>>> print(open('work01.tsv').read())   # TSV, C-alpha atoms
chain	number	residue	atom	x	y	z
Y	2	MET	CA	43.94	91.81	131.70
Y	3	THR	CA	43.19	95.10	130.04
Y	4	ALA	CA	40.16	95.89	127.96
Y	5	THR	CA	42.35	95.85	124.85
Y	6	ASP	CA	43.70	92.37	125.66
Y	7	SER	CA	40.20	91.07	126.12
Y	8	HIS	CA	39.22	92.65	122.84
Y	9	VAL	CA	42.05	91.04	120.91
Y	10	ASP	CA	41.36	87.66	122.52
Y	11	THR	CA	37.78	87.80	121.35
Y	12	HIS	CA	38.92	88.59	117.87
Y	13	GLU	CA	41.47	85.79	117.84
Y	14	GLN	CA	38.77	83.39	119.00
Y	15	GLU	CA	36.71	84.58	116.09
Y	16	HIS	CA	39.41	83.66	113.60
Y	17	GLU	CA	40.71	80.53	115.24
Y	18	TYR	CA	37.63	78.30	115.11
Y	19	GLU	CA	38.17	75.01	113.42
Y	20	HIS	CA	36.84	74.81	109.88
Y	21	PRO	CA	35.62	71.36	108.89
Y	22	SER	CA	38.10	69.41	106.78
Y	23	ASP	CA	37.66	69.07	103.00
Y	24	ARG	CA	36.66	65.46	103.50
Y	25	LYS	CA	33.89	66.55	105.88
Y	26	TYR	CA	32.69	69.15	103.36
Y	27	VAL	CA	32.42	66.42	100.70
Y	28	THR	CA	30.49	64.22	103.14
Y	29	ILE	CA	28.11	67.09	103.88
Y	30	ALA	CA	27.59	67.68	100.14
Y	31	LEU	CA	26.82	63.99	99.64
Y	32	ILE	CA	24.26	64.14	102.46
Y	33	LEU	CA	22.68	67.18	100.77
Y	34	GLY	CA	22.59	65.27	97.46
Y	35	ALA	CA	20.94	62.29	99.19
Y	36	LEU	CA	18.33	64.56	100.80
Y	37	THR	CA	17.57	66.04	97.37
Y	38	ALA	CA	17.15	62.51	96.00
Y	39	ILE	CA	14.66	61.73	98.82
Y	40	GLU	CA	12.76	64.93	97.94
Y	41	ILE	CA	12.46	63.81	94.33
Y	42	LEU	CA	11.39	60.34	95.47
Y	43	LEU	CA	8.62	61.90	97.58
Y	44	PHE	CA	7.54	63.93	94.54
Y	45	VAL	CA	7.44	60.80	92.35
Y	46	LEU	CA	5.46	58.87	94.97
Y	47	GLU	CA	3.04	61.71	95.74
Y	48	ASP	CA	0.07	59.85	94.23
Y	49	ASP	CA	0.75	56.77	96.38
Y	50	LEU	CA	1.24	58.61	99.65
Y	51	PRO	CA	-1.07	60.84	101.72
Y	52	ARG	CA	-0.78	64.37	100.32
Y	53	SER	CA	-0.17	65.91	103.76
Y	54	LEU	CA	2.66	63.43	104.42
Y	55	VAL	CA	4.34	64.44	101.14
Y	56	LYS	CA	4.03	68.13	102.03
Y	57	VAL	CA	5.34	67.71	105.58
Y	58	GLY	CA	8.18	65.50	104.31
Y	59	LEU	CA	9.22	67.98	101.62
Y	60	ILE	CA	9.10	70.95	104.00
Y	61	GLY	CA	11.05	69.00	106.63
Y	62	LEU	CA	13.76	68.05	104.12
Y	63	MET	CA	13.91	71.66	102.90
Y	64	ILE	CA	14.48	72.93	106.46
Y	65	VAL	CA	17.18	70.31	107.09
Y	66	LYS	CA	19.00	71.23	103.85
Y	67	PHE	CA	18.70	74.93	104.70
Y	68	TRP	CA	20.16	74.30	108.17
Y	69	ILE	CA	23.03	72.15	106.88
Y	70	VAL	CA	24.14	74.74	104.30
Y	71	GLY	CA	23.81	77.58	106.82
Y	72	ALA	CA	25.54	75.75	109.68
Y	73	TYR	CA	28.40	74.10	107.83
Y	74	PHE	CA	28.97	75.82	104.48
Y	75	MET	CA	28.22	79.32	105.84
Y	76	HIS	CA	30.03	78.41	109.10
Y	77	LEU	CA	27.24	79.67	111.36
Y	78	LYS	CA	27.79	76.66	113.61
Y	79	PHE	CA	31.39	77.73	114.23
Y	80	ASP	CA	31.20	81.50	113.86
Y	81	ASN	CA	30.27	84.22	116.34
Y	82	LYS	CA	26.66	83.69	117.50
Y	83	VAL	CA	25.88	87.34	116.72
Y	84	LEU	CA	25.89	86.42	113.02
Y	85	THR	CA	23.38	83.61	113.58
Y	86	GLN	CA	21.16	85.97	115.55
Y	87	LEU	CA	21.41	88.64	112.85
Y	88	PHE	CA	20.48	86.22	110.07
Y	89	MET	CA	17.72	84.59	112.11
Y	90	PHE	CA	16.27	88.01	112.81
Y	91	GLY	CA	15.89	88.71	109.08
Y	92	LEU	CA	14.61	85.22	108.38
Y	93	VAL	CA	12.06	85.17	111.22
Y	94	LEU	CA	10.94	88.71	110.38
Y	95	ALA	CA	10.33	87.65	106.76
Y	96	ILE	CA	8.44	84.51	107.83
Y	97	VAL	CA	6.22	86.42	110.29
Y	98	VAL	CA	5.52	89.35	107.93
Y	99	TYR	CA	4.59	87.15	104.99
Y	100	PHE	CA	2.69	84.66	107.13
Y	101	ILE	CA	0.49	87.58	108.23
Y	102	MET	CA	0.21	88.78	104.63
Y	103	LEU	CA	-0.81	85.32	103.38
Y	104	SER	CA	-3.24	84.92	106.27
Y	105	SER	CA	-4.93	88.18	105.33
Y	106	PHE	CA	-5.72	86.61	101.93
Y	107	GLU	CA	-7.02	83.49	103.68
Y	108	PHE	CA	-4.28	81.52	101.95
Y	109	SER	CA	-4.14	77.87	102.89
Y	110	PHE	CA	-0.99	75.94	102.10
Y	111	TRP	CA	-2.74	72.68	102.93
Y	112	ASN	CA	-5.74	73.12	100.69
Y	113	ASP	CA	-5.75	74.67	97.28
Y	114	GLY	CA	-3.98	78.00	97.45
Y	115	ILE	CA	-6.01	81.14	98.05
Y	116	GLU	CA	-9.68	81.23	98.85
Y	117	ASP	CA	-10.18	84.98	98.67
Y	118	PRO	CA	-12.13	85.76	95.47
Y	119	GLY	CA	-11.27	89.45	95.82
Y	120	LEU	CA	-7.54	89.07	95.08
Y	121	PRO	CA	-6.56	90.87	91.84
Y	122	GLY	CA	-6.00	88.37	89.06
Y	123	ASN	CA	-8.05	85.63	90.62
Y	124	SER	CA	-11.25	84.77	88.91
B	14	MET	CA	56.12	104.01	120.72
B	15	ALA	CA	53.22	102.96	122.93
B	16	ASN	CA	50.81	104.57	120.52
B	17	ALA	CA	52.38	102.72	117.63
B	18	THR	CA	52.01	99.40	119.48
B	19	VAL	CA	48.34	100.07	120.12
B	20	ALA	CA	47.90	100.96	116.48
B	21	VAL	CA	49.42	97.65	115.40
B	22	ASP	CA	47.37	95.70	117.96
B	23	ALA	CA	44.24	97.31	116.68
B	24	HIS	CA	44.62	95.42	113.42
B	25	ASP	CA	44.43	91.70	112.95
B	26	ASP	CA	46.77	89.62	110.83
B	27	HIS	CA	44.57	90.22	107.75
B	28	GLY	CA	45.01	93.96	108.04
B	29	HIS	CA	41.46	94.62	109.20
B	30	HIS	CA	40.39	97.02	111.91
B	31	GLU	CA	39.52	95.65	115.31
B	32	THR	CA	35.82	95.95	116.16
B	33	ASN	CA	33.76	95.80	119.33
B	34	THR	CA	32.00	92.61	118.27
B	35	GLY	CA	35.19	90.84	117.16
B	36	ILE	CA	33.62	90.46	113.73
B	37	SER	CA	34.96	92.42	110.78
B	38	ASN	CA	32.69	95.19	109.55
B	39	ASN	CA	32.64	93.71	106.03
B	40	LYS	CA	31.43	90.35	107.29
B	41	LEU	CA	28.81	91.96	109.50
B	42	ALA	CA	27.61	94.06	106.57
B	43	MET	CA	27.35	90.98	104.34
B	44	TRP	CA	25.25	89.13	106.94
B	45	LEU	CA	23.07	92.22	107.37
B	46	PHE	CA	22.55	92.31	103.60
B	47	LEU	CA	21.68	88.60	103.52
B	48	ALA	CA	19.21	89.05	106.40
B	49	SER	CA	17.53	91.89	104.49
B	50	ASP	CA	17.51	89.82	101.28
B	51	CYS	CA	15.34	87.27	103.15
B	52	LEU	CA	12.58	89.89	103.05
B	53	LEU	CA	12.93	90.36	99.29
B	54	PHE	CA	12.67	86.65	98.55
B	55	GLY	CA	9.96	86.26	101.20
B	56	ALA	CA	7.85	88.79	99.28
B	57	LEU	CA	8.43	87.05	95.95
B	58	ILE	CA	7.76	83.54	97.30
B	59	SER	CA	4.60	84.70	99.11
B	60	THR	CA	3.32	86.38	95.95
B	61	PHE	CA	3.89	83.20	93.98
B	62	LEU	CA	2.07	81.16	96.63
B	63	LEU	CA	-0.95	83.45	96.33
B	64	TYR	CA	-1.15	82.96	92.56
B	65	ARG	CA	0.06	79.37	92.30
B	66	THR	CA	-3.31	78.00	91.24
B	67	ASN	CA	-3.79	80.51	88.43
B	68	ILE	CA	-1.81	78.71	85.72
B	69	SER	CA	-4.97	77.78	83.82
B	70	ASP	CA	-5.81	81.45	83.07
B	71	ASN	CA	-5.22	82.03	79.31
B	72	THR	CA	-3.36	78.72	78.98
B	73	PRO	CA	-4.32	75.10	78.21
B	74	PHE	CA	-2.50	73.91	81.34
B	75	THR	CA	-4.43	72.85	84.42
B	76	SER	CA	-1.53	72.36	86.85
B	77	PRO	CA	2.09	73.54	87.20
B	78	SER	CA	3.15	69.90	86.95
B	79	ASP	CA	1.99	70.04	83.29
B	80	VAL	CA	4.78	72.49	82.48
B	81	PHE	CA	7.55	71.72	84.96
B	82	ASP	CA	10.31	69.36	83.86
B	83	ILE	CA	11.20	68.01	87.33
B	84	PRO	CA	14.10	65.72	86.27
B	85	PHE	CA	15.76	68.66	84.48
B	86	THR	CA	15.18	71.10	87.37
B	87	SER	CA	16.39	68.48	89.85
B	88	LEU	CA	19.64	68.24	87.91
B	89	SER	CA	19.97	72.05	87.96
B	90	SER	CA	19.34	72.04	91.71
B	91	PHE	CA	22.00	69.39	92.20
B	92	VAL	CA	24.47	71.46	90.16
B	93	LEU	CA	23.83	74.53	92.34
B	94	LEU	CA	24.12	72.44	95.50
B	95	MET	CA	27.48	71.08	94.35
B	96	SER	CA	28.65	74.61	93.56
B	97	SER	CA	28.33	75.30	97.31
B	98	LEU	CA	30.74	72.43	97.89
B	99	THR	CA	33.29	73.82	95.40
B	100	MET	CA	32.89	77.25	97.06
B	101	VAL	CA	33.82	75.95	100.54
B	102	LEU	CA	36.69	73.98	99.00
B	103	ALA	CA	37.90	77.27	97.44
B	104	LEU	CA	37.81	79.00	100.84
B	105	SER	CA	39.54	76.05	102.44
B	106	ALA	CA	42.31	76.20	99.81
B	107	VAL	CA	42.76	79.96	100.26
B	108	ASN	CA	42.96	79.49	104.05
B	109	ARG	CA	45.78	76.97	103.40
B	110	ASP	CA	47.45	79.55	101.15
B	111	ASP	CA	47.04	77.15	98.21
B	112	GLN	CA	46.44	79.80	95.54
B	113	ARG	CA	46.25	77.45	92.57
B	114	ALA	CA	43.60	75.21	94.14
B	115	GLY	CA	41.72	78.30	95.35
B	116	ARG	CA	41.51	79.68	91.81
B	117	ILE	CA	40.49	76.32	90.33
B	118	TRP	CA	37.68	75.84	92.86
B	119	LEU	CA	36.45	79.43	92.42
B	120	LEU	CA	36.38	78.99	88.63
B	121	THR	CA	34.62	75.64	89.03
B	122	THR	CA	31.99	77.33	91.21
B	123	ALA	CA	31.49	80.05	88.58
B	124	LEU	CA	31.23	77.38	85.87
B	125	LEU	CA	28.58	75.43	87.83
B	126	GLY	CA	26.72	78.71	88.33
B	127	MET	CA	26.80	79.29	84.57
B	128	VAL	CA	25.44	75.78	83.98
B	129	PHE	CA	22.57	76.57	86.38
B	130	ILE	CA	21.84	79.88	84.60
B	131	GLY	CA	21.99	78.08	81.24
B	132	GLY	CA	19.39	75.64	82.53
B	133	GLN	CA	17.18	78.51	83.68
B	134	VAL	CA	17.43	80.21	80.28
B	135	TYR	CA	16.52	76.89	78.63
B	136	GLU	CA	13.52	76.50	80.95
B	137	PHE	CA	12.32	80.03	80.26
B	138	THR	CA	12.70	79.45	76.50
B	139	VAL	CA	10.65	76.24	76.68
B	140	PHE	CA	7.94	77.99	78.71
B	141	ASN	CA	7.83	80.84	76.22
B	142	ALA	CA	7.53	78.39	73.32
B	143	GLU	CA	4.57	76.78	75.10
B	144	GLY	CA	2.80	80.11	75.32
B	145	LEU	CA	3.76	81.01	78.89
B	146	GLY	CA	4.99	84.59	78.66
B	147	TYR	CA	5.64	87.06	81.45
B	148	THR	CA	2.19	88.66	81.11
B	149	THR	CA	0.17	85.57	80.18
B	150	ASN	CA	-1.38	85.32	83.64
B	151	THR	CA	-0.60	86.06	87.28
B	152	TRP	CA	1.03	82.62	87.74
B	153	THR	CA	3.58	83.27	84.99
B	154	SER	CA	4.26	86.83	86.22
B	155	ALA	CA	4.91	85.59	89.77
B	156	PHE	CA	6.97	82.62	88.54
B	157	PHE	CA	9.20	84.58	86.17
B	158	THR	CA	9.69	87.39	88.72
B	159	LEU	CA	10.72	84.99	91.49
B	160	THR	CA	12.98	82.71	89.46
B	161	GLY	CA	14.27	85.68	87.44
B	162	PHE	CA	15.31	87.55	90.58
B	163	HIS	CA	17.06	84.44	91.81
B	164	GLY	CA	18.79	84.09	88.44
B	165	VAL	CA	20.00	87.70	88.71
B	166	HIS	CA	21.43	86.90	92.16
B	167	VAL	CA	23.25	83.86	90.73
B	168	SER	CA	24.58	85.99	87.85
B	169	VAL	CA	25.88	88.62	90.30
B	170	GLY	CA	27.51	85.78	92.24
B	171	ILE	CA	29.24	84.55	89.07
B	172	LEU	CA	30.57	88.08	88.43
B	173	LEU	CA	31.84	88.27	92.04
B	174	LEU	CA	33.58	84.91	91.65
B	175	LEU	CA	35.20	85.87	88.35
B	176	GLY	CA	36.10	89.29	89.78
B	177	THR	CA	37.80	87.59	92.72
B	178	VAL	CA	39.78	85.24	90.47
B	179	PHE	CA	40.85	87.74	87.82
B	180	GLY	CA	41.05	90.78	90.13
B	181	THR	CA	43.75	89.07	92.19
B	182	ARG	CA	45.99	88.01	89.29
B	183	ASN	CA	48.66	90.53	90.29
B	184	SER	CA	48.15	90.72	94.06
B	185	GLY	CA	47.73	86.98	94.51
B	186	LEU	CA	44.98	84.94	96.17
B	187	GLY	CA	46.81	84.12	99.38
B	188	LYS	CA	45.63	83.74	102.94
B	189	GLU	CA	45.28	87.53	103.28
B	190	LYS	CA	42.39	87.33	100.80
B	191	SER	CA	40.50	84.75	102.82
B	192	GLU	CA	37.90	87.23	104.05
B	193	THR	CA	37.16	88.38	100.50
B	194	VAL	CA	36.61	84.77	99.42
B	195	GLU	CA	34.55	84.10	102.55
B	196	LEU	CA	32.24	87.05	101.80
B	197	VAL	CA	31.73	85.94	98.19
B	198	GLY	CA	31.11	82.45	99.57
B	199	LEU	CA	28.48	83.67	102.02
B	200	TYR	CA	26.61	85.35	99.18
B	201	TRP	CA	26.90	82.23	97.04
B	202	HIS	CA	25.63	79.89	99.76
B	203	PHE	CA	22.73	82.25	100.43
B	204	VAL	CA	21.73	82.05	96.77
B	205	ASP	CA	21.94	78.28	97.14
B	206	ILE	CA	19.67	78.10	100.21
B	207	VAL	CA	17.14	80.38	98.53
B	208	TRP	CA	17.03	77.88	95.66
B	209	VAL	CA	16.56	75.04	98.17
B	210	ILE	CA	13.34	76.82	99.21
B	211	ILE	CA	12.25	77.72	95.67
B	212	PHE	CA	12.83	74.19	94.39
B	213	THR	CA	10.72	72.66	97.16
B	214	VAL	CA	7.94	75.23	97.43
B	215	ILE	CA	7.50	76.06	93.74
B	216	TYR	CA	8.44	72.86	91.94
B	217	LEU	CA	7.89	69.91	94.27
B	218	ILE	CA	5.07	70.61	96.74
B	219	PRO	CA	1.81	69.51	95.14
B	220	ILE	CA	-1.21	71.79	94.98
B	221	GLY	CA	-4.33	70.61	96.71
>>> encode(input="work01.tsv", output="structure tokens")
Amino acid sequence: MTATDSHVDTHEQEHEYEHPSDRKYVTIALILGALTAIEILLFVLEDDLPRSLVKVGLIGLMIVKFWIVGAYFMHLKFDNKVLTQLFMFGLVLAIVVYFIMLSSFEFSFWNDGIEDPGLPGNS
Amino acid sequence: MANATVAVDAHDDHGHHETNTGISNNKLAMWLFLASDCLLFGALISTFLLYRTNISDNTPFTSPSDVFDIPFTSLSSFVLLMSSLTMVLALSAVNRDDQRAGRIWLLTTALLGMVFIGGQVYEFTVFNAEGLGYTTNTWTSAFFTLTGFHGVHVSVGILLLLGTVFGTRNSGLGKEKSETVELVGLYWHFVDIVWVIIFTVIYLIPIG
């Protein structure tokens, strides 16, 4: 097998992955709708549930929805892994950079926002 | 003759150049753009988080939940989520060479996007009527900047969708256009997942 053959094979593999069927796409959308309904239910019940449980639940559901859209609708689950790595690089970079930025302002997601009195605009 | 064969082999059946990664350059560029856009929205979301308790400055409101209309925003979120479904159905139709269905699903996606933008304009109008302008306090500045930037992304997506539908009236929206539709779809789904984060972090997660 020549280098060119190998090259073309890789490319054909790239194009020949199985897309989910339309029925599966509808099922995935219904799951996303159900997850959104659970999010709203958590929001409605926030006074009756421990605040940290509501926050963890909402963030967990958000991550699951994010993953489902990325994996199935954006085809990352079926596509070349280089694309997943590329996107994850940007995503992780953003999370790390802004986590550091928020930490420098002593921001606490679990308490009441920022605690740094020196931030412009905060009295 | 041999050179001509190599030249033909170096293109795939969609007429795109072969690449070392096996991924088309356009698709790679779109993913690179989306990865970089994570940093833009990361900055805007982080800024909002820093100022999220400041809604009471210059306003009678004590909490964001005083101004948010969660049932209405939930409906908007659902509309945007369903537009991702119509987008994948459009790509699926184009991959089957079903041009009519492809156009219908693309137009439906654009229509759902317009409904979402209409809802955002309504929300902004209500906020403005309640005295929450762009410069009222740092909370409103951060909120309008974040949701406004997202709205601009959705609007660009609508233009891309309409451009794809009407720009292919003469050339057709057959299987050879599948990569174009896929790229528009990637952008559209990205806008959707950004809203998934905004909806949870800004609207639903309680303060305190």
>>> residues_around(input="work01.tsv", residues="Pro21 (chain Y)", least_positions_apart="6", cutoff="12 Å", atoms="only C-alpha atoms", output="PDB file with C-alpha atoms, in the coordinates of the input")
ATOM      1  CA  VAL Y  27      32.420  66.420 100.700  1.00  0.00           C
ATOM      2  CA  THR Y  28      30.490  64.220 103.140  1.00  0.00           C
ATOM      3  CA  ILE Y  29      28.110  67.090 103.880  1.00  0.00           C
ATOM      4  CA  ALA Y  72      25.540  75.750 109.680  1.00  0.00           C
ATOM      5  CA  TYR Y  73      28.400  74.100 107.830  1.00  0.00           C
ATOM      6  CA  PHE Y  74      28.970  75.820 104.480  1.00  0.00           C
ATOM      7  CA  MET Y  75      28.220  79.320 105.840  1.00  0.00           C
ATOM      8  CA  HIS Y  76      30.030  78.410 109.100  1.00  0.00           C
ATOM      9  CA  LYS Y  78      27.790  76.660 113.610  1.00  0.00           C
ATOM     10  CA  PHE Y  79      31.390  77.730 114.230  1.00  0.00           C
TER      11      PHE Y  79
ATOM     12  CA  VAL B 101      33.820  75.950 100.540  1.00  0.00           C
ATOM     13  CA  LEU B 102      36.690  73.980  99.000  1.00  0.00           C
ATOM     14  CA  LEU B 104      37.810  79.000 100.840  1.00  0.00           C
ATOM     15  CA  SER B 105      39.540  76.050 102.440  1.00  0.00           C
ATOM     16  CA  ASN B 108      42.960  79.490 104.050  1.00  0.00           C
TER      17      ASN B 108
END
>>> closest_residue(input="work01.tsv", among="B:Thr122, B:Asn38, B:Thr153, B:Ser49", to="Asn141 (chain B)", atoms="all atoms listed in the file")
B:Thr153
>>> closest_atom_pairs(input="work01.tsv", of="region 91-160 of chain B", to="region 185-206 of chain B", cutoff="9 Å", atoms="all atoms listed in the file", output="Markdown table")
| residue | atom | partner | partner_atom | distance |
| --- | --- | --- | --- | --- |
| B:Leu93 | CA | B:Asp205 | CA | 6.4 |
| B:Leu94 | CA | B:Asp205 | CA | 6.4 |
| B:Ser96 | CA | B:Asp205 | CA | 8.4 |
| B:Ser97 | CA | B:His202 | CA | 5.9 |
| B:Met100 | CA | B:Gly198 | CA | 6.0 |
| B:Val101 | CA | B:Gly198 | CA | 7.1 |
| B:Ala103 | CA | B:Val194 | CA | 7.9 |
| B:Leu104 | CA | B:Val194 | CA | 6.1 |
| B:Ser105 | CA | B:Ser191 | CA | 8.8 |
| B:Ala106 | CA | B:Lys188 | CA | 8.8 |
| B:Val107 | CA | B:Lys188 | CA | 5.5 |
| B:Asn108 | CA | B:Lys188 | CA | 5.1 |
| B:Arg109 | CA | B:Lys188 | CA | 6.8 |
| B:Asp110 | CA | B:Lys188 | CA | 4.9 |
| B:Asp111 | CA | B:Gly187 | CA | 7.1 |
| B:Gln112 | CA | B:Leu186 | CA | 5.4 |
| B:Arg113 | CA | B:Leu186 | CA | 8.4 |
| B:Gly115 | CA | B:Leu186 | CA | 7.4 |
| B:Arg116 | CA | B:Leu186 | CA | 7.7 |
| B:Leu119 | CA | B:Val194 | CA | 8.8 |
>>> closest_residue(input="work01.tsv", among="B:Ala142, B:Ile68, B:Ile210, B:Val134", to="chain Y", atoms="only C-alpha atoms")
B:Ile210
>>> residues_around(input="work01.tsv", residues="Leu84 (chain Y)", least_positions_apart="5", cutoff="12 Å", atoms="only C-alpha atoms", output="PyMOL selection string")
(chain Y and resi 15+71-72+75-79+89-91) or (chain B and resi 34-38+40-48+199)
>>> closest_residue(input="work01.tsv", among="Y:Trp68, Y:Phe100, Y:Phe106, Y:Phe88", to="chain B", atoms="all atoms listed in the file")
Y:Phe88
>>> atom_distance(input="work01.tsv", atom1="CA of Arg65 (chain B)", atom2="CA of Gly146 (chain B)")
15.4 Å
>>> atom_distance(input="work01.tsv", atom1="CA of Leu62 (chain B)", atom2="CA of Ile96 (chain Y)")
13.3 Å
>>> closest_residue(input="work01.tsv", among="B:Val207, B:Leu145, B:Ile215, B:Leu124", to="chain Y", atoms="all atoms listed in the file")
B:Val207
>>> closest_residue(input="work01.tsv", among="Y:Gln86, Y:Val45, Y:Val93, Y:Lys56", to="chain B", atoms="only C-alpha atoms")
Y:Lys56
>>> build_atoms(input="work01.tsv", residues="region 125-136 of chain B", atoms="N, CA and C atoms", output="short mmCIF file (atom, residue, chain, number, x, y, z; two decimals), keeping the file's coordinate frame")
data_model
loop_
_atom_site.label_atom_id
_atom_site.label_comp_id
_atom_site.auth_asym_id
_atom_site.auth_seq_id
_atom_site.Cartn_x
_atom_site.Cartn_y
_atom_site.Cartn_z
N LEU B 125 29.83 76.10 87.42
CA LEU B 125 28.58 75.43 87.83
C LEU B 125 27.43 76.43 87.89
N GLY B 126 27.74 77.66 88.32
CA GLY B 126 26.72 78.71 88.33
C GLY B 126 26.24 79.01 86.92
N MET B 127 27.18 79.03 85.97
CA MET B 127 26.80 79.29 84.57
C MET B 127 25.94 78.16 84.02
N VAL B 128 26.26 76.92 84.42
CA VAL B 128 25.44 75.78 83.98
C VAL B 128 24.01 75.94 84.52
N PHE B 129 23.89 76.36 85.77
CA PHE B 129 22.57 76.57 86.38
C PHE B 129 21.81 77.66 85.62
N ILE B 130 22.49 78.78 85.33
CA ILE B 130 21.84 79.88 84.60
C ILE B 130 21.44 79.41 83.19
N GLY B 131 22.32 78.63 82.56
CA GLY B 131 21.99 78.08 81.24
C GLY B 131 20.72 77.25 81.30
N GLY B 132 20.59 76.45 82.35
CA GLY B 132 19.39 75.64 82.53
C GLY B 132 18.16 76.50 82.72
N GLN B 133 18.32 77.60 83.45
CA GLN B 133 17.18 78.51 83.68
C GLN B 133 16.76 79.19 82.37
N VAL B 134 17.74 79.59 81.58
CA VAL B 134 17.43 80.21 80.28
C VAL B 134 16.70 79.21 79.40
N TYR B 135 17.17 77.96 79.41
CA TYR B 135 16.52 76.89 78.63
C TYR B 135 15.06 76.71 79.08
N GLU B 136 14.86 76.68 80.41
CA GLU B 136 13.52 76.50 80.95
C GLU B 136 12.60 77.65 80.54
#
